[in-house]
$ cat upload-v3.cif   # mmCIF, C-alpha atoms and all ligand atoms
data_input
loop_
_atom_site.label_atom_id
_atom_site.label_comp_id
_atom_site.auth_asym_id
_atom_site.auth_seq_id
_atom_site.Cartn_x
_atom_site.Cartn_y
_atom_site.Cartn_z
CA GLY A 805 91.58 85.42 65.53
CA ALA A 806 94.09 83.21 67.32
CA PRO A 807 94.11 83.59 71.09
CA LEU A 808 96.78 85.78 72.61
CA LEU A 809 97.73 83.34 75.31
CA GLU A 810 97.10 79.60 75.48
CA LEU A 811 97.90 77.29 78.33
CA GLU A 812 97.89 73.63 77.48
CA ASP A 813 98.07 70.85 80.03
CA LEU A 814 100.34 72.88 82.31
CA HIS A 815 101.85 71.04 85.27
CA VAL A 816 103.86 72.64 88.05
CA GLU A 817 105.30 70.83 91.03
CA PHE A 818 107.46 71.78 93.99
CA ARG A 819 109.99 69.10 94.89
CA THR A 820 110.74 69.50 98.56
CA ARG A 821 112.37 67.28 101.14
CA GLU A 822 108.94 66.43 102.53
CA GLY A 823 107.66 65.33 99.15
CA VAL A 824 106.32 66.59 95.85
CA ALA A 825 103.60 69.22 96.06
CA ARG A 826 101.56 69.04 92.88
CA ALA A 827 100.42 72.64 92.63
CA VAL A 828 99.18 72.66 89.03
CA ASN A 829 97.90 69.46 87.45
CA GLY A 830 96.98 69.90 83.82
CA VAL A 831 95.59 73.40 83.41
CA SER A 832 94.47 74.57 79.98
CA TYR A 833 92.92 77.94 79.26
CA THR A 834 92.99 80.69 76.67
CA VAL A 835 93.02 84.45 76.93
CA GLU A 836 91.88 86.58 74.03
CA ALA A 837 92.66 90.20 73.26
CA GLY A 838 90.03 92.49 74.72
CA LYS A 839 88.67 89.81 77.06
CA THR A 840 88.97 89.14 80.76
CA LEU A 841 89.27 85.69 82.23
CA ALA A 842 88.73 85.51 85.98
CA VAL A 843 90.53 82.61 87.66
CA LEU A 844 88.78 81.80 90.88
CA GLY A 845 89.75 79.54 93.76
CA GLU A 846 90.87 79.29 97.37
CA SER A 847 94.46 79.89 98.32
CA GLY A 848 96.49 76.85 97.33
CA SER A 849 94.28 76.07 94.34
CA GLY A 850 97.11 76.78 91.92
CA LYS A 851 95.84 80.03 90.45
CA SER A 852 98.84 82.16 91.43
CA VAL A 853 101.34 79.44 90.61
CA THR A 854 99.82 79.19 87.13
CA ALA A 855 100.30 82.95 86.72
CA GLN A 856 103.89 82.72 87.88
CA ALA A 857 104.53 80.02 85.29
CA ILE A 858 103.12 82.32 82.60
CA MET A 859 105.41 85.12 83.80
CA GLY A 860 108.39 82.78 83.72
CA ILE A 861 109.32 83.33 87.34
CA LEU A 862 109.06 79.66 88.29
CA ASP A 863 112.02 78.30 86.42
CA THR A 864 114.21 77.47 89.38
CA PRO A 865 114.11 74.64 91.94
CA PRO A 866 112.20 73.61 93.92
CA ALA A 867 109.68 74.55 91.19
CA PHE A 868 109.52 72.29 88.14
CA ILE A 869 107.34 72.38 85.07
CA PRO A 870 107.35 68.71 84.03
CA LYS A 871 104.73 69.08 81.33
CA GLY A 872 102.66 71.51 79.33
CA GLU A 873 102.90 74.61 77.21
CA VAL A 874 102.34 78.33 77.64
CA ARG A 875 101.94 79.80 74.17
CA PHE A 876 101.97 83.51 73.43
CA LYS A 877 100.68 84.08 69.90
CA GLY A 878 101.55 80.50 69.13
CA ARG A 879 105.06 80.48 70.59
CA ASN A 880 105.82 78.29 73.59
CA LEU A 881 107.33 80.55 76.25
CA LEU A 882 108.50 77.55 78.27
CA ARG A 883 110.90 76.43 75.57
CA MET A 884 112.33 79.86 74.89
CA PRO A 885 115.86 80.89 75.84
CA GLU A 886 115.88 83.21 78.87
CA ARG A 887 117.30 86.06 76.75
CA GLU A 888 114.26 86.01 74.54
CA ARG A 889 111.87 85.25 77.35
CA ARG A 890 112.94 88.47 79.01
CA THR A 891 111.54 90.45 76.10
CA TYR A 892 108.08 89.18 77.02
CA ARG A 893 108.17 89.53 80.79
CA GLY A 894 106.86 92.93 81.85
CA ARG A 895 106.66 94.12 78.26
CA ARG A 896 104.19 91.91 76.50
CA ILE A 897 102.89 90.16 79.61
CA ALA A 898 102.78 92.17 82.83
CA MET A 899 101.54 91.46 86.32
CA VAL A 900 100.00 93.38 89.21
CA PHE A 901 100.38 91.85 92.64
CA GLN A 902 98.28 92.04 95.77
CA ASP A 903 100.50 93.94 98.14
CA ALA A 904 101.34 97.37 96.71
CA LEU A 905 102.94 98.64 99.90
CA SER A 906 105.64 96.02 100.08
CA ALA A 907 106.20 96.09 96.32
CA LEU A 908 106.99 99.81 96.30
CA ASN A 909 110.29 101.05 97.65
CA PRO A 910 109.60 103.42 100.57
CA VAL A 911 112.70 105.57 100.03
CA PHE A 912 112.09 106.64 96.42
CA PRO A 913 109.42 108.98 95.02
CA VAL A 914 106.74 107.10 93.12
CA GLY A 915 107.56 109.02 89.94
CA ASP A 916 111.10 107.65 90.00
CA GLN A 917 109.81 104.11 90.48
CA ILE A 918 107.38 104.37 87.58
CA GLY A 919 110.02 106.21 85.55
CA GLU A 920 112.48 103.39 86.16
CA MET A 921 110.39 101.22 83.82
CA PHE A 922 111.08 103.67 80.97
CA ARG A 923 114.73 104.18 81.88
CA VAL A 924 115.51 100.47 82.03
CA HIS A 925 113.38 99.25 79.14
CA GLU A 926 113.38 102.24 76.81
CA GLY A 927 116.64 103.94 77.78
CA LEU A 928 114.97 107.28 78.50
CA SER A 929 116.70 110.09 80.37
CA LYS A 930 115.62 110.84 83.90
CA ARG A 931 113.70 113.90 82.77
CA ALA A 932 111.92 112.11 79.90
CA ALA A 933 111.13 109.15 82.17
CA ARG A 934 109.55 111.48 84.72
CA ALA A 935 107.32 113.03 82.05
CA LYS A 936 106.22 109.53 81.03
CA ALA A 937 105.63 108.67 84.69
CA ILE A 938 103.21 111.61 84.94
CA ASP A 939 101.36 110.35 81.85
CA ALA A 940 101.23 106.88 83.41
CA MET A 941 99.81 108.31 86.65
CA ASP A 942 97.20 110.17 84.61
CA ALA A 943 96.36 106.96 82.80
CA VAL A 944 95.42 105.29 86.09
CA ARG A 945 93.44 108.37 87.17
CA ILE A 946 95.69 109.55 90.00
CA PRO A 947 94.53 113.12 90.62
CA ALA A 948 97.10 115.93 90.31
CA ALA A 949 99.74 113.59 88.92
CA ARG A 950 102.10 116.43 88.04
CA GLN A 951 102.08 117.70 91.62
CA ARG A 952 102.33 114.25 93.16
CA VAL A 953 105.02 112.65 91.01
CA GLY A 954 107.68 113.48 93.63
CA ASP A 955 105.69 112.11 96.58
CA TYR A 956 106.69 108.96 98.44
CA PRO A 957 104.61 105.77 98.68
CA HIS A 958 103.51 106.40 102.29
CA GLN A 959 101.94 109.70 101.18
CA PHE A 960 99.38 107.79 99.12
CA SER A 961 96.36 105.80 100.26
CA GLY A 962 96.25 102.03 99.71
CA GLY A 963 94.04 102.44 96.67
CA MET A 964 96.32 105.07 95.15
CA ARG A 965 99.36 102.86 95.77
CA GLN A 966 97.62 100.05 93.93
CA ARG A 967 97.02 102.50 91.05
CA ILE A 968 100.75 103.22 91.05
CA MET A 969 101.46 99.50 90.76
CA ILE A 970 98.99 99.28 87.89
CA ALA A 971 100.68 102.28 86.23
CA MET A 972 103.99 100.40 86.39
CA ALA A 973 102.44 97.22 85.02
CA ILE A 974 100.88 98.92 82.00
CA ALA A 975 103.78 101.33 81.40
CA LEU A 976 105.19 99.32 78.50
CA ASN A 977 101.79 98.64 76.92
CA PRO A 978 101.57 94.91 77.61
CA GLU A 979 99.19 92.81 75.54
CA VAL A 980 98.35 90.60 78.50
CA LEU A 981 97.82 91.89 82.04
CA ILE A 982 97.69 89.47 84.94
CA ALA A 983 96.24 90.85 88.17
CA ASP A 984 96.75 88.56 91.17
CA GLU A 985 94.29 89.43 93.95
CA PRO A 986 94.74 93.11 93.09
CA THR A 987 92.20 94.34 95.63
CA THR A 988 92.45 91.89 98.50
CA ALA A 989 94.26 94.32 100.82
CA LEU A 990 91.76 97.15 100.18
CA ASP A 991 88.41 98.06 101.66
CA VAL A 992 85.25 97.27 99.76
CA THR A 993 84.63 100.68 98.17
CA VAL A 994 88.21 100.99 96.97
CA GLN A 995 88.10 97.39 95.68
CA ALA A 996 85.26 98.33 93.37
CA GLN A 997 87.12 101.41 92.12
CA ILE A 998 90.26 99.41 91.32
CA MET A 999 88.20 96.74 89.55
CA ASP A 1000 86.49 99.44 87.49
CA LEU A 1001 89.86 100.93 86.60
CA LEU A 1002 91.24 97.55 85.51
CA GLY A 1003 88.14 96.97 83.40
CA GLU A 1004 88.46 100.39 81.76
CA LEU A 1005 92.16 99.98 81.03
CA GLN A 1006 91.57 96.51 79.63
CA ARG A 1007 88.96 97.88 77.21
CA GLU A 1008 90.87 101.05 76.27
CA ARG A 1009 93.99 99.07 75.46
CA ASN A 1010 92.35 95.93 74.16
CA MET A 1011 94.47 93.86 76.54
CA GLY A 1012 93.80 90.27 77.41
CA MET A 1013 93.39 90.18 81.19
CA ILE A 1014 93.68 87.40 83.73
CA LEU A 1015 92.08 88.36 87.01
CA ILE A 1016 93.02 86.04 89.84
CA THR A 1017 90.77 86.11 92.87
CA HIS A 1018 89.26 84.11 95.70
CA ASP A 1019 86.25 86.43 95.72
CA LEU A 1020 83.57 85.80 93.13
CA GLY A 1021 81.80 88.97 94.24
CA VAL A 1022 84.42 91.38 92.95
CA VAL A 1023 84.88 90.05 89.42
CA ALA A 1024 81.32 89.75 88.17
CA ASP A 1025 81.21 93.13 86.44
CA VAL A 1026 84.66 92.90 84.91
CA ALA A 1027 85.09 89.31 83.77
CA ASP A 1028 83.86 87.78 80.52
CA ARG A 1029 84.61 84.22 81.50
CA ILE A 1030 85.42 82.43 84.72
CA ALA A 1031 87.66 79.42 85.33
CA VAL A 1032 87.33 77.86 88.77
CA MET A 1033 90.37 76.05 90.11
CA TYR A 1034 90.62 73.36 92.77
CA ALA A 1035 93.69 71.32 93.70
CA GLY A 1036 95.59 72.56 90.68
CA ARG A 1037 92.89 71.80 88.13
CA ILE A 1038 90.17 73.73 86.42
CA VAL A 1039 86.96 72.24 87.79
CA GLU A 1040 84.59 74.55 85.96
CA GLU A 1041 84.81 77.00 83.11
CA ALA A 1042 81.92 79.10 81.84
CA SER A 1043 80.61 82.56 81.09
CA VAL A 1044 79.97 84.81 84.08
CA PHE A 1045 76.24 84.45 83.58
CA ASP A 1046 76.36 80.66 83.56
CA ILE A 1047 78.59 80.56 86.63
CA TYR A 1048 76.12 82.72 88.54
CA SER A 1049 72.90 81.27 87.25
CA ARG A 1050 73.66 77.59 86.83
CA PRO A 1051 76.99 76.44 88.25
CA ALA A 1052 77.58 72.82 87.28
CA HIS A 1053 80.30 71.94 89.80
CA PRO A 1054 79.51 71.54 93.51
CA TYR A 1055 82.60 73.56 94.45
CA THR A 1056 81.50 76.53 92.32
CA LYS A 1057 78.04 76.24 93.81
CA GLY A 1058 79.60 76.35 97.28
CA LEU A 1059 81.69 79.41 96.42
CA LEU A 1060 78.61 81.14 95.10
CA GLU A 1061 76.69 80.42 98.28
CA SER A 1062 79.57 81.98 100.24
CA VAL A 1063 79.09 85.34 98.46
CA PRO A 1064 76.80 87.40 100.69
CA ARG A 1065 73.52 88.41 99.11
CA VAL A 1066 72.48 92.03 98.96
CA ASP A 1067 69.91 91.46 101.71
CA GLU A 1068 72.42 89.94 104.12
CA LYS A 1069 75.28 92.38 103.67
CA ASN A 1070 76.47 92.35 107.24
CA GLN A 1071 76.73 88.61 107.60
CA ARG A 1072 80.06 86.94 107.77
CA LEU A 1073 81.23 85.18 104.63
CA ARG A 1074 80.47 81.52 104.79
CA ALA A 1075 83.35 79.61 103.30
CA VAL A 1076 82.98 76.30 101.54
CA GLU A 1077 83.08 73.72 104.30
CA GLY A 1078 86.17 71.62 104.86
CA LEU A 1079 89.83 72.24 104.16
CA PRO A 1080 91.70 72.58 100.89
CA PRO A 1081 93.57 69.40 99.98
CA ASN A 1082 97.16 68.66 100.86
CA LEU A 1083 98.92 69.02 97.52
CA MET A 1084 101.38 66.29 98.48
CA ARG A 1085 98.51 63.84 98.88
CA ILE A 1086 95.70 64.87 96.59
CA PRO A 1087 92.61 62.71 97.27
CA SER A 1088 91.88 59.81 94.93
CA GLY A 1089 89.11 59.98 92.37
CA CYS A 1090 87.58 63.44 92.42
CA PRO A 1091 89.92 65.65 94.48
CA PHE A 1092 86.88 67.49 95.87
CA HIS A 1093 85.18 64.36 97.21
CA PRO A 1094 86.09 64.84 100.92
CA ARG A 1095 84.18 68.13 100.91
CA CYS A 1096 81.46 67.39 98.41
CA PRO A 1097 77.80 67.22 99.47
CA TYR A 1098 76.96 65.48 96.17
CA LYS A 1099 79.54 62.71 96.50
CA GLN A 1100 78.47 59.23 95.43
CA GLU A 1101 80.57 56.21 96.20
CA PRO A 1102 82.41 54.47 94.79
CA VAL A 1103 82.59 56.52 91.57
CA CYS A 1104 83.62 59.82 93.21
CA THR A 1105 86.36 58.26 95.31
CA THR A 1106 87.83 56.15 92.52
CA GLU A 1107 87.29 57.86 89.18
CA ARG A 1108 88.83 61.23 88.44
CA PRO A 1109 86.25 63.28 86.54
CA PRO A 1110 87.56 64.85 83.34
CA LEU A 1111 86.47 68.39 82.45
CA TYR A 1112 83.24 67.32 80.77
CA GLN A 1113 82.42 69.59 77.84
CA ILE A 1114 79.01 71.16 78.31
CA GLY A 1115 79.22 73.59 75.41
CA PRO A 1116 81.84 75.62 73.57
CA GLY A 1117 84.35 76.79 76.19
CA THR A 1118 82.06 75.52 78.92
CA GLY A 1119 82.81 72.53 81.08
CA ALA A 1120 82.69 71.01 84.53
CA ALA A 1121 84.82 68.30 86.14
CA CYS A 1122 82.07 66.51 87.99
CA HIS A 1123 80.54 63.11 87.22
CA PHE A 1124 77.16 64.51 88.18
CA TRP A 1125 77.35 67.94 86.59
CA GLU A 1126 73.96 67.57 84.93
CA ASP A 1127 72.19 67.06 88.25
CA VAL A 1128 74.15 69.84 89.95
CA ARG A 1129 73.43 72.26 87.15
CA ALA A 1130 69.73 71.42 87.05
CA GLU A 1131 69.48 72.01 90.79
CA SER A 1132 71.41 75.31 90.54
CA GLN A 1133 69.16 76.50 87.78
CA ALA A 1134 66.01 75.70 89.75
CA GLU A 1135 67.35 77.56 92.80
CA PHE A 1136 68.32 80.55 90.70
CA ALA A 1137 64.83 80.74 89.19
CA MET A 1138 63.34 80.67 92.68
CA HIS A 1139 65.52 83.49 94.02
CA LYS A 1140 64.93 85.83 91.12
FE1 LIG B 1 81.31 65.83 94.05
FE2 LIG B 1 81.54 63.47 92.83
FE3 LIG B 1 81.15 65.69 91.41
FE4 LIG B 1 83.46 65.28 92.64
S1 LIG B 1 82.63 64.07 90.96
S2 LIG B 1 82.34 67.16 92.59
S3 LIG B 1 82.80 64.26 94.51
S4 LIG B 1 79.73 64.77 92.87
MG MG B 2 97.71 83.57 95.60
#

$ encode --input "upload-v3.cif" --output "structure tokens"
Amino acid sequence: GAPLLELEDLHVEFRTREGVARAVNGVSYTVEAGKTLAVLGESGSGKSVTAQAIMGILDTPPAFIPKGEVRFKGRNLLRMPERERRTYRGRRIAMVFQDALSALNPVFPVGDQIGEMFRVHEGLSKRAARAKAIDAMDAVRIPAARQRVGDYPHQFSGGMRQRIMIAMAIALNPEVLIADEPTTALDVTVQAQIMDLLGELQRERNMGMILITHDLGVVADVADRIAVMYAGRIVEEASVFDIYSRPAHPYTKGLLESVPRVDEKNQRLRAVEGLPPNLMRIPSGCPFHPRCPYKQEPVCTTERPPLYQIGPGTGAACHFWEDVRAESQAEFAMHK
């Protein structure tokens, strides 16, 4: 069927006194019901800003959306009156953020905070909202929900607090769930548990999910497809298997090499060398060229690579994607 959510040529910029920061520069992607798209990139790559544009929380200066569409079941959310837009935000499209501790109010029991969703949006009484809050806590597998509904945020572990945030996000049965670095603040074991939970909820409820992360390691089991962002653009899009086994963009290849292998678990993460670009002065030609080991002059410094189509829904924004992919594939075969 038609995709749930479609981004087309989305641009977002921040107009500040120092200049214009071009945070998102022509992003297009689709999210289907029952599928998970992982959006991967370093901080400043535009992945969170894109999500904020989808949520409609970027409509005030200094943020501007000079171009592009965000369509939900064919309707452009960016051209919708705020009154109507509000009926989507949190209800049909919901978001989970990274920092559960600061998002929860320390002075109210968690049950009241979850229940607030039902009071505000569905006009339920306090008692009915609390009953629904218990159901919501059950839904995210918080043990002994009935006993714990009156507890305060600090009485829960970090992982349990993130479950509470997820309970709030899915309370109104959204069709699209956006999770922005949902496990970054948690330790590795808990990260895996939260990812599993998100995957289970996504399948149970047939939601379309956007999973934003800088860590390729945590999304492999949950994602169907991966879009890699750099300098506000998608530089590679492919299935999880293709991304892992034959990345076609040098940046993706670098990210993959920075994921520790099973046999070197205790080694520090090696980041992709070099610094992310200044969004007020994005490099000419290919924005990745200052960091790219495959760079060839003058083409890489003068010609901006389009997202070359490799196959259906598969593409890479590199002039030399064929060489990069062939090399990746050979290395993958060797390591297996
Ligand atoms: Fe590297 Fe050139 Fe490809 Fe850009 S276009 S990623 S600089 S090889
Ligand atoms: Mg972010």

$ closest_atom_pairs --input "upload-v3.cif" --of "chain A" --to "ligand LIG 1 (chain B)" --cutoff "6 Å" --atoms "all atoms listed in the file" --output "Markdown table"
| residue | atom | partner | partner_atom | distance |
| --- | --- | --- | --- | --- |
| A:His1053 | CA | B:LIG1 | S2 | 5.9 |
| A:Pro1054 | CA | B:LIG1 | S2 | 5.3 |
| A:Cys1090 | CA | B:LIG1 | FE4 | 4.5 |
| A:Phe1092 | CA | B:LIG1 | FE4 | 5.2 |
| A:His1093 | CA | B:LIG1 | S3 | 3.6 |
| A:Cys1096 | CA | B:LIG1 | FE1 | 4.6 |
| A:Tyr1098 | CA | B:LIG1 | S4 | 4.4 |
| A:Lys1099 | CA | B:LIG1 | S3 | 4.1 |
| A:Gln1100 | CA | B:LIG1 | FE2 | 5.8 |
| A:Cys1104 | CA | B:LIG1 | FE2 | 4.2 |
| A:Pro1109 | CA | B:LIG1 | S1 | 5.8 |
| A:Cys1122 | CA | B:LIG1 | FE3 | 3.6 |
| A:His1123 | CA | B:LIG1 | S1 | 4.4 |
| A:Phe1124 | CA | B:LIG1 | FE3 | 5.3 |

$ residues_around --input "upload-v3.cif" --residues "Tyr1055 (chain A)" --least-positions-apart "5" --cutoff "9 Å" --atoms "all atoms listed in the file" --output "compact mmCIF listing (two decimals) with C-alpha atoms, in the coordinates of the input"
# COMPACT_ATOMS: atom_id res chain seq x y z
CA VAL A 1032 87.33 77.86 88.77
CA TYR A 1034 90.62 73.36 92.77
CA VAL A 1039 86.96 72.24 87.79
CA GLU A 1040 84.59 74.55 85.96
CA LEU A 1060 78.61 81.14 95.10
CA VAL A 1076 82.98 76.30 101.54
CA PHE A 1092 86.88 67.49 95.87
CA ARG A 1095 84.18 68.13 100.91
CA CYS A 1096 81.46 67.39 98.41

$ atom_distance --input "upload-v3.cif" --atom1 "CA of Ala973 (chain A)" --atom2 "CA of Val828 (chain A)"
25.1 Å

$ residues_around --input "upload-v3.cif" --residues "Phe901 (chain A)" --least-positions-apart "5" --cutoff "9 Å" --atoms "all atoms listed in the file" --output "ChimeraX atom specification"
/A:907,966,969-970,982-986

$ residues_near_ligand --input "upload-v3.cif" --ligand "ligand MG 2 (chain B)" --cutoff "9 Å" --atoms "all atoms listed in the file" --output "ChimeraX atom specification"
/A:846-853,902,984-985,1016-1018

$ residues_around --input "upload-v3.cif" --residues "Met859 (chain A)" --least-positions-apart "2" --cutoff "9 Å" --atoms "only C-alpha atoms" --output "number ranges by chain"
A: 854-857, 861-862, 892-894, 897-899, 982

$ closest_residue --input "upload-v3.cif" --among "A:Thr834, A:Ser929, A:Asn1010, A:Asn909" --to "Ile968 (chain A)" --atoms "all atoms listed in the file"
A:Asn909

$ atom_distance --input "upload-v3.cif" --atom1 "CA of Thr820 (chain A)" --atom2 "CA of Ile1086 (chain A)"
15.9 Å

$ atom_distance --input "upload-v3.cif" --atom1 "CA of Arg952 (chain A)" --atom2 "CA of Gly915 (chain A)"
8.1 Å

$ residues_around --input "upload-v3.cif" --residues "Gly963 (chain A)" --least-positions-apart "5" --cutoff "9 Å" --atoms "only C-alpha atoms" --output "VMD selection string"
chain A and resid 904 968 987 990 to 991 994 to 995 997 to 998

$ closest_residue --input "upload-v3.cif" --among "A:Glu1008, A:Glu926, A:Glu1107, A:Glu836" --to "Arg1029 (chain A)" --atoms "all atoms listed in the file"
A:Glu836

$ residues_around --input "upload-v3.cif" --residues "region 1132-1139 of chain A" --least-positions-apart "6" --cutoff "10 Å" --atoms "only C-alpha atoms" --output "list in words"
Asp1046, Ile1047, Tyr1048, Ser1049, Arg1050, Pro1051, Ala1052, His1053, Pro1054, Lys1057 and Glu1126 of chain A
